[in-house]
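J.: Contents are PDB, C-alpha atoms and all ligand atoms; file name data.pdb:
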```
ATOM      1  CA  MET A  32     109.877-247.786 101.665
ATOM      2  CA  LYS A  33     107.524-245.332 103.343
ATOM      3  CA  PRO A  34     103.924-245.128 102.191
ATOM      4  CA  HIS A  35     103.506-242.686  99.354
ATOM      5  CA  PHE A  36     100.933-240.521 101.105
ATOM      6  CA  VAL A  37     103.450-239.415 103.721
ATOM      7  CA  TYR A  38     105.471-237.639 101.131
ATOM      8  CA  PHE A  39     102.443-235.684 100.046
ATOM      9  CA  ALA A  40     101.101-235.046 103.512
ATOM     10  CA  LEU A  41      99.962-231.469 103.830
ATOM     11  CA  PHE A  42     100.056-229.423 106.926
ATOM     12  CA  LEU A  43      99.915-225.900 108.242
ATOM     13  CA  ILE A  44     101.237-225.377 111.689
ATOM     14  CA  VAL A  45     101.260-222.872 114.471
ATOM     15  CA  LEU A  46     103.838-223.623 117.114
ATOM     16  CA  LEU A  47     102.711-221.525 120.042
ATOM     17  CA  GLY A  48      99.371-220.350 121.350
ATOM     18  CA  CYS A  49      98.337-216.910 120.175
ATOM     19  CA  SER A  50      97.629-215.107 123.403
ATOM     20  CA  LYS A  51      98.569-211.579 122.429
ATOM     21  CA  SER A  52      98.823-209.623 119.196
ATOM     22  CA  ASN A  53     101.922-207.966 117.855
ATOM     23  CA  THR A  54     101.710-204.228 117.244
ATOM     24  CA  PHE A  55     100.212-203.945 113.808
ATOM     25  CA  SER A  56      99.422-200.872 111.725
ATOM     26  CA  LYS A  57      99.418-199.573 108.172
ATOM     27  CA  GLU A  58     103.015-198.453 108.637
ATOM     28  CA  THR A  59     103.976-202.063 109.301
ATOM     29  CA  THR A  60     106.516-203.311 106.761
ATOM     30  CA  VAL A  61     106.716-206.933 105.675
ATOM     31  CA  GLY A  62     110.059-207.835 104.102
ATOM     32  CA  VAL A  63     109.822-210.604 101.528
ATOM     33  CA  VAL A  64     112.835-212.856 100.942
ATOM     34  CA  PRO A  65     112.505-214.650  97.618
ATOM     35  CA  TYR A  66     114.575-217.836  97.797
ATOM     36  CA  LYS A  67     116.238-218.972  94.597
ATOM     37  CA  GLY A  68     113.779-220.340  92.073
ATOM     38  CA  MET A  69     110.764-218.251  93.110
ATOM     39  CA  SER A  70     109.349-216.485  90.051
ATOM     40  CA  ALA A  71     109.093-212.684  89.920
ATOM     41  CA  GLN A  72     105.505-212.991  88.769
ATOM     42  CA  LYS A  73     104.487-215.010  91.827
ATOM     43  CA  ILE A  74     106.275-212.565  94.141
ATOM     44  CA  ASP A  75     104.371-209.724  92.483
ATOM     45  CA  GLU A  76     100.992-211.461  92.852
ATOM     46  CA  LEU A  77     101.673-212.375  96.485
ATOM     47  CA  THR A  78     102.762-208.810  97.256
ATOM     48  CA  LYS A  79      99.471-207.505  95.863
ATOM     49  CA  ALA A  80      97.537-209.980  98.016
ATOM     50  CA  ILE A  81      99.411-209.010 101.194
ATOM     51  CA  THR A  82      98.858-205.276 100.633
ATOM     52  CA  SER A  83      95.232-205.732  99.718
ATOM     53  CA  TYR A  84      94.287-207.983 102.684
ATOM     54  CA  TYR A  85      96.433-206.418 105.411
ATOM     55  CA  GLY A  86      97.066-202.886 104.110
ATOM     56  CA  VAL A  87     100.752-203.146 105.060
ATOM     57  CA  THR A  88     103.819-202.066 103.120
ATOM     58  CA  VAL A  89     105.734-204.854 101.380
ATOM     59  CA  LYS A  90     109.444-204.577 100.693
ATOM     60  CA  ILE A  91     111.016-207.139  98.366
ATOM     61  CA  LEU A  92     114.447-208.054  99.697
ATOM     62  CA  ARG A  93     117.412-209.540  97.856
ATOM     63  CA  GLN A  94     117.102-213.091  96.571
ATOM     64  CA  LYS A  95     118.839-215.661  98.760
ATOM     65  CA  THR A  96     119.587-219.369  98.716
ATOM     66  CA  LEU A  97     118.083-221.436 101.511
ATOM     67  CA  PRO A  98     120.497-221.884 104.427
ATOM     68  CA  LYS A  99     122.560-225.090 104.035
ATOM     69  CA  SER A 100     122.306-225.670 107.785
ATOM     70  CA  ALA A 101     118.523-226.155 107.402
ATOM     71  CA  PHE A 102     118.905-228.993 104.883
ATOM     72  CA  ILE A 103     117.800-232.479 105.904
ATOM     73  CA  ASN A 104     117.294-235.714 103.973
ATOM     74  CA  ILE A 105     115.333-238.216 106.075
ATOM     75  CA  LYS A 106     112.491-239.077 103.701
ATOM     76  CA  SER A 107     113.382-236.787 100.820
ATOM     77  CA  PRO A 108     115.471-233.614 100.404
ATOM     78  CA  ARG A 109     113.863-230.907 102.522
ATOM     79  CA  TYR A 110     114.696-227.780 104.512
ATOM     80  CA  ARG A 111     113.734-227.445 108.162
ATOM     81  CA  ALA A 112     111.175-224.641 108.392
ATOM     82  CA  ASP A 113     111.921-223.837 112.040
ATOM     83  CA  SER A 114     115.623-223.334 111.236
ATOM     84  CA  ILE A 115     114.766-221.081 108.276
ATOM     85  CA  ILE A 116     112.503-218.778 110.277
ATOM     86  CA  ALA A 117     115.044-218.520 113.105
ATOM     87  CA  ILE A 118     117.812-217.578 110.646
ATOM     88  CA  GLN A 119     115.540-215.054 108.885
ATOM     89  CA  GLU A 120     114.689-213.428 112.209
ATOM     90  CA  ARG A 121     118.343-213.164 113.218
ATOM     91  CA  ASN A 122     119.075-211.404 109.908
ATOM     92  CA  MET A 123     116.137-208.974 109.838
ATOM     93  CA  PRO A 124     117.161-205.934 107.810
ATOM     94  CA  GLU A 125     116.532-202.490 109.253
ATOM     95  CA  GLY A 126     113.143-200.961 108.504
ATOM     96  CA  VAL A 127     111.427-204.327 108.307
ATOM     97  CA  ASP A 128     108.956-205.422 111.014
ATOM     98  CA  TYR A 129     108.186-208.914 109.750
ATOM     99  CA  ILE A 130     110.005-211.205 107.386
ATOM    100  CA  LEU A 131     108.391-213.691 105.011
ATOM    101  CA  GLY A 132     110.428-216.252 103.075
ATOM    102  CA  LEU A 133     109.058-217.712  99.844
ATOM    103  CA  THR A 134     110.473-220.949  98.502
ATOM    104  CA  THR A 135     109.787-223.604  95.878
ATOM    105  CA  LYS A 136     111.660-226.224  97.955
ATOM    106  CA  ASP A 137     109.988-228.684 100.296
ATOM    107  CA  VAL A 138     110.030-227.619 103.961
ATOM    108  CA  SER A 139     109.405-229.684 107.095
ATOM    109  CA  VAL A 140     109.255-229.728 110.894
ATOM    110  CA  THR A 141     109.146-232.292 113.672
ATOM    111  CA  LYS A 142     105.621-232.402 115.047
ATOM    112  CA  HIS A 143     105.295-232.715 118.827
ATOM    113  CA  ASP A 144     102.424-233.684 121.112
ATOM    114  CA  GLY A 145     101.276-231.714 124.149
ATOM    115  CA  ASN A 146     104.071-233.219 126.295
ATOM    116  CA  GLY A 147     106.864-232.198 123.940
ATOM    117  CA  ASN A 148     107.440-235.739 122.613
ATOM    118  CA  ILE A 149     107.475-236.528 118.897
ATOM    119  CA  LYS A 150     103.898-237.171 117.846
ATOM    120  CA  HIS A 151     102.994-240.780 116.987
ATOM    121  CA  PRO A 152     103.587-242.438 114.651
ATOM    122  CA  GLU A 153     107.117-241.140 114.940
ATOM    123  CA  TRP A 154     108.153-242.204 111.427
ATOM    124  CA  ARG A 155     105.435-239.917 110.117
ATOM    125  CA  TYR A 156     106.016-236.880 112.315
ATOM    126  CA  ASN A 157     109.803-236.768 112.842
ATOM    127  CA  ASP A 158     110.201-234.935 109.542
ATOM    128  CA  PHE A 159     106.796-233.759 108.464
ATOM    129  CA  GLY A 160     106.369-231.899 105.167
ATOM    130  CA  ILE A 161     104.428-228.648 105.493
ATOM    131  CA  MET A 162     103.247-225.734 103.364
ATOM    132  CA  GLY A 163     104.237-223.014 105.787
ATOM    133  CA  LEU A 164     105.352-222.225 109.308
ATOM    134  CA  ALA A 165     104.886-219.191 111.543
ATOM    135  CA  TYR A 166     105.089-218.493 115.256
ATOM    136  CA  CYS A 167     102.056-216.801 116.723
ATOM    137  CA  PRO A 168     102.704-213.991 117.297
ATOM    138  CA  GLY A 169     106.079-213.808 115.614
ATOM    139  CA  LYS A 170     108.303-211.828 113.319
ATOM    140  CA  SER A 171     109.282-214.424 110.751
ATOM    141  CA  CYS A 172     107.562-217.047 108.612
ATOM    142  CA  ILE A 173     108.241-219.301 105.650
ATOM    143  CA  VAL A 174     105.880-220.473 102.914
ATOM    144  CA  SER A 175     106.664-223.130 100.317
ATOM    145  CA  ASP A 176     104.657-223.811  97.179
ATOM    146  CA  PHE A 177     106.111-227.321  96.853
ATOM    147  CA  ARG A 178     103.011-229.030  98.269
ATOM    148  CA  LEU A 179     100.503-226.862  96.417
ATOM    149  CA  LYS A 180     101.229-228.555  93.123
ATOM    150  CA  THR A 181      98.396-228.730  90.654
ATOM    151  CA  ASN A 182      98.365-228.304  86.875
ATOM    152  CA  ASP A 183      95.852-225.512  87.325
ATOM    153  CA  LYS A 184      98.020-222.374  87.504
ATOM    154  CA  ASP A 185      95.230-220.182  88.887
ATOM    155  CA  LEU A 186      94.433-222.695  91.613
ATOM    156  CA  HIS A 187      98.125-222.996  92.479
ATOM    157  CA  LEU A 188      98.430-219.231  92.877
ATOM    158  CA  ALA A 189      95.172-218.998  94.849
ATOM    159  CA  ARG A 190      96.471-221.653  97.284
ATOM    160  CA  PHE A 191      99.857-219.982  97.560
ATOM    161  CA  LYS A 192      98.241-216.622  98.395
ATOM    162  CA  LYS A 193      96.024-218.210 101.051
ATOM    163  CA  VAL A 194      98.934-219.938 102.788
ATOM    164  CA  VAL A 195     100.910-216.657 102.763
ATOM    165  CA  ILE A 196      97.955-214.700 104.212
ATOM    166  CA  HIS A 197      97.436-217.494 106.783
ATOM    167  CA  GLU A 198     101.054-217.614 107.993
ATOM    168  CA  LEU A 199     101.379-213.812 108.124
ATOM    169  CA  GLY A 200      98.106-213.783 110.088
ATOM    170  CA  HIS A 201      99.785-215.999 112.704
ATOM    171  CA  ASN A 202     102.779-213.648 112.854
ATOM    172  CA  PHE A 203     100.374-210.729 113.321
ATOM    173  CA  GLY A 204      98.836-212.569 116.285
ATOM    174  CA  LEU A 205      95.853-214.390 114.810
ATOM    175  CA  PRO A 206      95.176-217.913 116.113
ATOM    176  CA  HIS A 207      93.250-220.476 114.057
ATOM    177  CA  CYS A 208      89.705-219.320 113.387
ATOM    178  CA  PRO A 209      86.599-221.489 113.981
ATOM    179  CA  ASN A 210      85.037-220.012 110.814
ATOM    180  CA  LYS A 211      85.703-222.611 108.091
ATOM    181  CA  LYS A 212      85.461-219.922 105.366
ATOM    182  CA  CYS A 213      88.155-217.812 107.013
ATOM    183  CA  VAL A 214      91.692-218.123 105.664
ATOM    184  CA  MET A 215      92.810-218.560 109.310
ATOM    185  CA  THR A 216      90.952-221.877 109.560
ATOM    186  CA  ASP A 217      93.138-224.830 110.614
ATOM    187  CA  ALA A 218      94.159-226.691 107.452
ATOM    188  CA  VAL A 219      94.216-229.955 109.455
ATOM    189  CA  GLU A 220      96.638-231.597 107.069
ATOM    190  CA  SER A 221      94.411-231.170 104.013
ATOM    191  CA  ILE A 222      94.611-228.957 100.950
ATOM    192  CA  LYS A 223      90.794-229.153 100.616
ATOM    193  CA  THR A 224      90.414-227.022 103.746
ATOM    194  CA  ILE A 225      92.432-224.324 102.029
ATOM    195  CA  ASP A 226      90.469-224.587  98.792
ATOM    196  CA  ASN A 227      87.200-224.178 100.707
ATOM    197  CA  ALA A 228      88.372-221.078 102.574
ATOM    198  CA  ASP A 229      87.996-217.491 101.349
ATOM    199  CA  PRO A 230      91.186-215.711 100.219
ATOM    200  CA  GLY A 231      91.153-213.314 103.182
ATOM    201  CA  VAL A 232      90.504-213.164 106.919
ATOM    202  CA  CYS A 233      86.904-213.024 108.263
ATOM    203  CA  ASN A 234      85.394-209.971 109.961
ATOM    204  CA  ALA A 235      86.098-211.343 113.439
ATOM    205  CA  CYS A 236      89.791-211.756 112.581
ATOM    206  CA  ARG A 237      89.867-208.310 110.935
ATOM    207  CA  LYS A 238      88.496-206.855 114.167
ATOM    208  CA  LYS A 239      91.225-208.548 116.194
ATOM    209  CA  LEU A 240      93.820-206.910 113.943
ATOM    210  CA  ARG A 241      91.882-203.617 114.046
ATOM    211  CA  LEU A 242      91.885-203.477 110.248
TER     212      LEU A 242
HETATM  213 ZN    ZN B 301      97.875-222.171 110.955
HETATM  214 ZN    ZN B 302      88.628-215.636 111.000
END
```
Show me, as structure tokens, the structure contained in the file I just sent.
T.:
Amino acid sequence: MKPHFVYFALFLIVLLGCSKSNTFSKETTVGVVPYKGMSAQKIDELTKAITSYYGVTVKILRQKTLPKSAFINIKSPRYRADSIIAIQERNMPEGVDYILGLTTKDVSVTKHDGNGNIKHPEWRYNDFGIMGLAYCPGKSCIVSDFRLKTNDKDLHLARFKKVVIHELGHNFGLPHCPNKKCVMTDAVESIKTIDNADPGVCNACRKKLRL
């Protein structure tokens, strides 16, 4: 039996260093893939947040089921986030510059150290539950609301929006921000970091994106 806290471990991740920005403008279109179970109301609220913070066009794509090939059951039933974003990117519809998947299911990755080995302790990091995953820069990201659970609906939505804005920020080329109030701050495995951050990116990050 694994310790209970592992199951609820929270983490936001960026896989690669953000050395250069993707081309980003107001004509940029973010395609949203709602995976089965995601409510229309949440999709609508998240769309509004994306347009208001980044000024991009959002296109809601057809609902899909999560790819079976991404399913894993080491500690609990989860879907591998890195597989999902790779599959999304391979299936980018025309007219879409970035693709964001939204799911209610738990998603995970294997966390590595600087040498490419599984981070220690291995039992903790071989299948590590996360809230979202994006390459930086990248074209595809996935956000799950599974680990944002709270009985407070407003808080849940506020957290969900922040993780979406954070992961898209990585795709747009933003690295983690030293400003703790910025939504691009490193969540360092804690939901509190997210709660303490503002809903949008700071002025320094806005400048980097030329917003
Ligand atoms: Zn991050
Ligand atoms: Zn910032």
J.: Write out as a Markdown table a residue-level contact list of stretch 175-228 of chain A versus stretch 136-141 of chain A with cut-off 8 Å: for each qualifying residue the closest pair of atoms and the distance in Å to one decimal, counting only C-alpha atoms, rows sorted by chain and residue number upward.
T.:
```
| residue | atom | partner | partner_atom | distance |
| --- | --- | --- | --- | --- |
| A:Ser175 | CA | A:Lys136 | CA | 6.3 |
| A:Asp176 | CA | A:Lys136 | CA | 7.4 |
| A:Phe177 | CA | A:Asp137 | CA | 5.4 |
| A:Arg178 | CA | A:Asp137 | CA | 7.3 |
```
J.: In terms of the shortest atom-to-atom distance over all atoms listed in the file, which of A:Leu205, A:Ile173, A:Ile91, A:Ile116 is closest to ligand ZN 301 (chain B)?
T.: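 Smallest separation from ligand ZN 301 (chain B) among the options: A:Leu205.
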J.: Check which residues satisfy the PyMOL selection byres (((chain A and resi 59-69) around 10) and not hetatm) in the file shown, then give them as a PyMOL selection string.
T.: chain A and resi 54-58+70-74+77-78+81-82+85-98+119+123-136+170-173+175-176+199
J.: Could you please determine the separation between atom CA of A:Gly204 and atom CA of A:Ser83 in Å, to one decimal place?
T.: 18.3 Å
J.: Which residues are close to A:Phe102, i.e. within 10 Å by all atoms listed in the file, leaving aside same-chain residues fewer than 6 positions away? Reply as an mmCIF file with C-alpha atoms, in the coordinates of the input.
T.:
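Once everything was written out, this is around28.cif:
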```
data_model
loop_
_atom_site.group_PDB
_atom_site.id
_atom_site.type_symbol
_atom_site.label_atom_id
_atom_site.label_comp_id
_atom_site.auth_asym_id
_atom_site.auth_seq_id
_atom_site.Cartn_x
_atom_site.Cartn_y
_atom_site.Cartn_z
ATOM 1 C CA PRO A 108 115.471 -233.614 100.404
ATOM 2 C CA ARG A 109 113.863 -230.907 102.522
ATOM 3 C CA TYR A 110 114.696 -227.780 104.512
ATOM 4 C CA ARG A 111 113.734 -227.445 108.162
ATOM 5 C CA ALA A 112 111.175 -224.641 108.392
ATOM 6 C CA SER A 114 115.623 -223.334 111.236
ATOM 7 C CA ILE A 115 114.766 -221.081 108.276
ATOM 8 C CA VAL A 138 110.030 -227.619 103.961
ATOM 9 C CA SER A 139 109.405 -229.684 107.095
#
```
J.: Which is closer to A:Val219 than all the others in A:Ile103, A:His207, A:Ala165, A:Asn182, using all atoms listed in the file?
T.: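 Once distances to A:Val219 are computed over all atoms listed in the file, the minimum belongs to A:His207.
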J.: Name every residue that the PyMOL selection byres (((not hetatm)) within 9 of (chain B and resi 302)) selects in this structure, writing the answer as a list in words with chains first and numbers rising.
T.: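 Going through the file, the PyMOL selection byres (((not hetatm)) within 9 of (chain B and resi 302)) ends up selecting Leu205, Pro206, His207, Cys208, Pro209, Asn210, Lys211, Lys212, Cys213, Val214, Met215, Thr216, Gly231, Val232, Cys233, Asn234, Ala235, Cys236 and Arg237 of chain A.
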J.: Could you write out that same residue set with C-alpha atoms as a JSON list (two decimals), in the frame of the given file?
T.:
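That gives us again25.json:
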```json
[["chain", "number", "residue", "atom", "x", "y", "z"],
["A", 205, "LEU", "CA", 95.85, -214.39, 114.81],
["A", 206, "PRO", "CA", 95.18, -217.91, 116.11],
["A", 207, "HIS", "CA", 93.25, -220.48, 114.06],
["A", 208, "CYS", "CA", 89.70, -219.32, 113.39],
["A", 209, "PRO", "CA", 86.60, -221.49, 113.98],
["A", 210, "ASN", "CA", 85.04, -220.01, 110.81],
["A", 211, "LYS", "CA", 85.70, -222.61, 108.09],
["A", 212, "LYS", "CA", 85.46, -219.92, 105.37],
["A", 213, "CYS", "CA", 88.16, -217.81, 107.01],
["A", 214, "VAL", "CA", 91.69, -218.12, 105.66],
["A", 215, "MET", "CA", 92.81, -218.56, 109.31],
["A", 216, "THR", "CA", 90.95, -221.88, 109.56],
["A", 231, "GLY", "CA", 91.15, -213.31, 103.18],
["A", 232, "VAL", "CA", 90.50, -213.16, 106.92],
["A", 233, "CYS", "CA", 86.90, -213.02, 108.26],
["A", 234, "ASN", "CA", 85.39, -209.97, 109.96],
["A", 235, "ALA", "CA", 86.10, -211.34, 113.44],
["A", 236, "CYS", "CA", 89.79, -211.76, 112.58],
["A", 237, "ARG", "CA", 89.87, -208.31, 110.94]]
```
J.: Which of these, A:Leu242, A:Ile222, A:Ala117, A:Ala189, has the shortest distance to A:Tyr166 once you count all atoms listed in the file?
T.: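 Closest residue, counting all atoms listed in the file: A:Ala117.
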J.: With distances taken over all atoms listed in the file, which residue among A:Ile118, A:Ile149, A:Cys167, A:Ile161 lies nearest A:Leu179?
T.: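 When distances to A:Leu179 are compared using all atoms listed in the file, the smallest one comes from A:Ile161.
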